Amino acid sequence: MWTKTRSADSVPVSGLSIYDPVHLGIDEHGRRVDIELVYRNILFGGEPGSGKSSGLQNIIGHASMCTDCQLWLFDGKQVELGLWRSIADVFVGPDITEAIDRLEQLQKEMDRRYDELDQVRRRKITSVDPVDVIVAVIDEIALFSATLGSKDQQEQFVRLLRDLVARGRAAGVIVVAATQRPSADIVPTSLRDIFAYRCAFRCTTEASSDTILGRGWAQQGYSATAIAPENLGVGLLLAEGGIPRRMKYAYLTDAHIYGLVEHSQHLRTQHAA
Ligand SMILES: Nc1ncnc2c1ncn2[C@@H]1O[C@H](COP(=O)(O)OP(=O)(O)OP(=O)(O)O)[C@@H](O)[C@H]1O
């Protein structure tokens with residue numbers, strides 16, 4: 001059982017809250033990298049096979065151990081997030097119509113929460129409120145915004161995504177998104193800039209790296225092109241107002257995920273009882 005006096009290098013696996021820091025990995029000095037995800041969003045980008053899913057899996061792993069959040073998984077590739085399917089509150093495969101329906105549902109829920117907050121003259125939900133934080137994980141953005149469906153549907157998907165990233169935070173809607181196509185058509189500046197956390201895994205060009213981190217970082221020496229192809233799971237993590245931090249993500253094997261899923265089912269059943 002996790003207690004607040006745990007040692008600095010252990011990672012709690014039970015009794016977590018989505019309001020707790022989320023462990024992602026270690027930096028190049030061997031220090032833990034934990035992020036405050038609540039009230040924020042995170043974007044992962046990098047070439048195929050660079051390790052982006054280890055970023056997603058760590059966040060889902062944390063959320064799976066929390067009884068104060070819902071997991072909404074949008075898996076354009078169907079198999080990337082599939083291991084978590086049995087504990088997901090919503091699971092959308094490569095189906096643009098369903099993805100749009102679900103994002104609209106999230107948008108309505110966000111607006112409903114803002115109406116309620118407004119009525120009680122508050123600006124954001126907190127851990128004492130009896131509402132779940134919703135963690136919406138989208139892998140891969142490009143499949144929904146540029147590959148599946150019609151142009152109209154793709155544009156609608158991007159509009160909804162942008163609105164949720166821009167306005168969802170205080171209403172307890174967190175967007176975690178990944179793309180293996182870090183280009184301006186998939187991640188326009190207006191979308192990129194509203195993610196508080198951005199992480200670039202290995203990229204082939206400085207322009208791609210800047211597409212994720214923000215213009216100018218490559219010129220200042222922070223380019224994900226410098227990550228060697230064999231350094232899987234290494235990324236440059238940028239937090240609002242900071243400088244990119246090179247880090248290595250913790251890696252969850254399939255066996256770890258099976259274990260977490262089983263434990264999560266147990267936690268959720270206990271919580272519902
Ligand atoms: N943090 C990590 N530590 C060690 N190895 C890793 C790590 N992350 C990924 N790998 C290795 O790299 C392989 C590819 O990683 P992963 O599937 O996460 O890449 P990806 O960027 O999500 O790929 P895609 O763009 O196809 O979704 C994994 O199967 C694993 O072997």
# chains A, B, ... in the order shown; residues from 1 in each chain; ligands from 1
$ residues_near_ligand --ligand "ligand 1" --cutoff "9 Å" --atoms "only C-alpha atoms and all ligand atoms" --output "ChimeraX atom specification"
/A:25,44-57,77,80,139-140,178-181,201-202,230-234,248-253
$ write_last_selection --atoms "C-alpha atoms" --output "compact mmCIF listing (two decimals), in the first residue's frame"
# COMPACT_ATOMS: atom_id res chain seq x y z
CA GLY A 25 10.91 8.29 -16.10
CA PHE A 44 4.00 13.56 -27.71
CA GLY A 45 5.57 13.59 -31.16
CA GLY A 46 8.37 11.77 -32.89
CA GLU A 47 9.21 9.41 -35.70
CA PRO A 48 7.56 5.96 -35.82
CA GLY A 49 9.04 3.58 -33.28
CA SER A 50 10.82 6.28 -31.26
CA GLY A 51 9.04 5.33 -28.04
CA LYS A 52 6.05 7.70 -27.86
CA SER A 53 3.80 4.96 -26.62
CA SER A 54 5.95 4.61 -23.47
CA GLY A 55 4.87 8.17 -22.66
CA LEU A 56 1.22 7.29 -23.17
CA GLN A 57 1.49 4.00 -21.29
CA LYS A 77 -4.22 2.02 -34.52
CA GLU A 80 -1.50 0.45 -29.25
CA ASP A 139 -3.11 7.96 -30.49
CA GLU A 140 -2.58 8.81 -33.33
CA ALA A 178 0.53 11.56 -29.74
CA THR A 179 1.61 11.79 -33.32
CA GLN A 180 4.26 10.13 -35.45
CA ARG A 181 3.76 12.90 -38.03
CA PHE A 201 11.03 11.90 -29.26
CA ARG A 202 13.56 11.31 -32.01
CA GLU A 230 18.88 3.34 -30.81
CA ASN A 231 17.91 5.53 -27.82
CA LEU A 232 14.31 4.34 -27.77
CA GLY A 233 12.07 6.00 -25.21
CA VAL A 234 14.29 9.10 -24.93
CA LYS A 248 14.23 8.46 -20.63
CA TYR A 249 10.72 7.14 -20.18
CA ALA A 250 10.05 4.19 -17.94
CA TYR A 251 9.07 1.22 -20.05
CA LEU A 252 6.02 -0.86 -19.27
CA THR A 253 6.20 -4.33 -20.78
$ select_by_dssp --residues "region 15-202 of chain A" --states "strand (DSSP E)" --output "PDB file with C-alpha atoms, in the first residue's frame"
ATOM      1  CA  VAL A  22       2.522  11.243 -12.646  1.00  0.00           C
ATOM      2  CA  HIS A  23       5.844   9.416 -12.918  1.00  0.00           C
ATOM      3  CA  LEU A  24       7.271   9.346 -16.434  1.00  0.00           C
ATOM      4  CA  GLY A  25      10.906   8.287 -16.103  1.00  0.00           C
ATOM      5  CA  ILE A  26      14.325   9.717 -15.261  1.00  0.00           C
ATOM      6  CA  ASP A  27      16.349  12.619 -16.604  1.00  0.00           C
ATOM      7  CA  ARG A  32      12.846  11.220 -11.321  1.00  0.00           C
ATOM      8  CA  VAL A  33      10.677  13.029 -13.811  1.00  0.00           C
ATOM      9  CA  ASP A  34       7.147  13.442 -12.462  1.00  0.00           C
ATOM     10  CA  ILE A  35       4.579  15.806 -13.919  1.00  0.00           C
ATOM     11  CA  ILE A  42       0.456  16.801 -22.985  1.00  0.00           C
ATOM     12  CA  LEU A  43       1.537  16.242 -26.563  1.00  0.00           C
ATOM     13  CA  PHE A  44       4.005  13.564 -27.707  1.00  0.00           C
ATOM     14  CA  GLY A  45       5.573  13.590 -31.161  1.00  0.00           C
ATOM     15  CA  CYS A  69     -10.659   9.600 -13.078  1.00  0.00           C
ATOM     16  CA  GLN A  70     -12.182   8.127 -16.193  1.00  0.00           C
ATOM     17  CA  LEU A  71     -10.092   6.829 -19.064  1.00  0.00           C
ATOM     18  CA  TRP A  72     -11.260   7.652 -22.572  1.00  0.00           C
ATOM     19  CA  LEU A  73      -8.988   5.970 -25.104  1.00  0.00           C
ATOM     20  CA  PHE A  74      -8.969   6.906 -28.797  1.00  0.00           C
ATOM     21  CA  ASP A  75      -6.784   4.360 -30.512  1.00  0.00           C
ATOM     22  CA  VAL A  90     -14.631   4.642 -23.380  1.00  0.00           C
ATOM     23  CA  PHE A  91     -12.600   2.935 -26.103  1.00  0.00           C
ATOM     24  CA  VAL A  92     -12.722   4.215 -29.666  1.00  0.00           C
ATOM     25  CA  VAL A 133     -11.329  13.946 -14.051  1.00  0.00           C
ATOM     26  CA  ILE A 134     -11.517  12.625 -17.609  1.00  0.00           C
ATOM     27  CA  VAL A 135      -8.230  11.594 -19.191  1.00  0.00           C
ATOM     28  CA  ALA A 136      -8.667  11.447 -22.976  1.00  0.00           C
ATOM     29  CA  VAL A 137      -5.766   9.718 -24.720  1.00  0.00           C
ATOM     30  CA  ILE A 138      -5.499  10.107 -28.482  1.00  0.00           C
ATOM     31  CA  ASP A 139      -3.108   7.962 -30.491  1.00  0.00           C
ATOM     32  CA  VAL A 173     -10.687  17.180 -18.943  1.00  0.00           C
ATOM     33  CA  ILE A 174      -7.082  16.291 -19.706  1.00  0.00           C
ATOM     34  CA  VAL A 175      -5.952  15.574 -23.260  1.00  0.00           C
ATOM     35  CA  VAL A 176      -2.942  13.320 -23.852  1.00  0.00           C
ATOM     36  CA  ALA A 177      -2.155  13.105 -27.562  1.00  0.00           C
ATOM     37  CA  ALA A 178       0.535  11.560 -29.739  1.00  0.00           C
ATOM     38  CA  THR A 179       1.615  11.786 -33.325  1.00  0.00           C
ATOM     39  CA  TYR A 197       3.639  19.828 -21.778  1.00  0.00           C
ATOM     40  CA  ARG A 198       5.201  18.797 -25.054  1.00  0.00           C
ATOM     41  CA  CYS A 199       7.637  16.001 -25.628  1.00  0.00           C
ATOM     42  CA  ALA A 200       9.674  15.404 -28.767  1.00  0.00           C
ATOM     43  CA  PHE A 201      11.026  11.903 -29.258  1.00  0.00           C
TER      44      PHE A 201
END
$ select_by_dssp --residues "region 75-197 of chain A" --states "helix (DSSP H, G or I)" --output "ChimeraX atom specification"
/A:82-87,96-119,141-147,151-167,169-171,189-192
$ residues_around --residues "Ile100 (chain A)" --least-positions-apart "6" --cutoff "12 Å" --atoms "only C-alpha atoms" --output "number ranges by chain"
A: 74, 92-94, 106-107, 144-145, 148-149, 152-161
$ write_last_selection --atoms "N, CA and C atoms" --output "short mmCIF file (atom, residue, chain, number, x, y, z; two decimals), in the first residue's frame"
data_model
loop_
_atom_site.label_atom_id
_atom_site.label_comp_id
_atom_site.auth_asym_id
_atom_site.auth_seq_id
_atom_site.Cartn_x
_atom_site.Cartn_y
_atom_site.Cartn_z
N PHE A 74 -8.70 6.80 -27.36
CA PHE A 74 -8.97 6.91 -28.80
C PHE A 74 -7.77 6.29 -29.49
N VAL A 92 -12.36 3.96 -28.26
CA VAL A 92 -12.72 4.22 -29.67
C VAL A 92 -11.58 3.70 -30.54
N GLY A 93 -11.92 2.86 -31.50
CA GLY A 93 -10.92 2.35 -32.43
C GLY A 93 -10.79 3.28 -33.63
N PRO A 94 -10.36 2.76 -34.77
CA PRO A 94 -10.17 3.62 -35.95
C PRO A 94 -11.49 3.96 -36.64
N LEU A 106 -17.74 14.75 -24.86
CA LEU A 106 -16.80 15.36 -23.90
C LEU A 106 -16.97 16.87 -23.84
N GLN A 107 -17.19 17.46 -25.01
CA GLN A 107 -17.37 18.91 -25.08
C GLN A 107 -18.63 19.32 -24.29
N PHE A 144 -6.92 10.46 -37.24
CA PHE A 144 -8.24 11.08 -37.15
C PHE A 144 -8.30 12.43 -37.88
N SER A 145 -7.14 13.10 -37.99
CA SER A 145 -7.19 14.46 -38.56
C SER A 145 -6.77 14.50 -40.02
N LEU A 148 -8.44 9.05 -41.77
CA LEU A 148 -9.79 8.45 -41.78
C LEU A 148 -10.84 9.50 -42.12
N GLY A 149 -11.92 9.06 -42.78
CA GLY A 149 -13.09 9.92 -43.00
C GLY A 149 -12.91 11.01 -44.06
N ASP A 152 -14.30 17.10 -44.13
CA ASP A 152 -15.16 17.77 -43.15
C ASP A 152 -15.03 17.13 -41.77
N GLN A 153 -15.05 15.79 -41.77
CA GLN A 153 -14.95 15.08 -40.49
C GLN A 153 -13.59 15.34 -39.84
N GLN A 154 -12.55 15.33 -40.67
CA GLN A 154 -11.20 15.55 -40.12
C GLN A 154 -11.12 16.95 -39.49
N GLU A 155 -11.71 17.93 -40.20
CA GLU A 155 -11.66 19.30 -39.67
C GLU A 155 -12.49 19.42 -38.38
N GLN A 156 -13.60 18.70 -38.38
CA GLN A 156 -14.45 18.72 -37.18
C GLN A 156 -13.70 18.10 -35.99
N PHE A 157 -12.99 17.00 -36.28
CA PHE A 157 -12.20 16.35 -35.23
C PHE A 157 -11.18 17.33 -34.65
N VAL A 158 -10.46 18.02 -35.52
CA VAL A 158 -9.41 18.95 -35.06
C VAL A 158 -10.03 20.11 -34.27
N ARG A 159 -11.19 20.62 -34.75
CA ARG A 159 -11.86 21.72 -34.03
C ARG A 159 -12.23 21.29 -32.61
N LEU A 160 -12.80 20.08 -32.51
CA LEU A 160 -13.20 19.59 -31.19
C LEU A 160 -11.98 19.37 -30.29
N LEU A 161 -10.94 18.78 -30.88
CA LEU A 161 -9.73 18.52 -30.11
C LEU A 161 -9.14 19.84 -29.58
#
$ closest_residue --among "A:Trp84, A:Gly76, A:Arg121, A:Tyr114" --to "Ala142 (chain A)" --atoms "only C-alpha atoms"
A:Gly76
$ atom_distance --atom1 "CA of Ala226 (chain A)" --atom2 "CA of Arg246 (chain A)"
10.5 Å
$ residues_around --residues "Asp111 (chain A)" --least-positions-apart "4" --cutoff "10 Å" --atoms "only C-alpha atoms" --output "ChimeraX atom specification"
/A:105-107,115-117,167-168,171
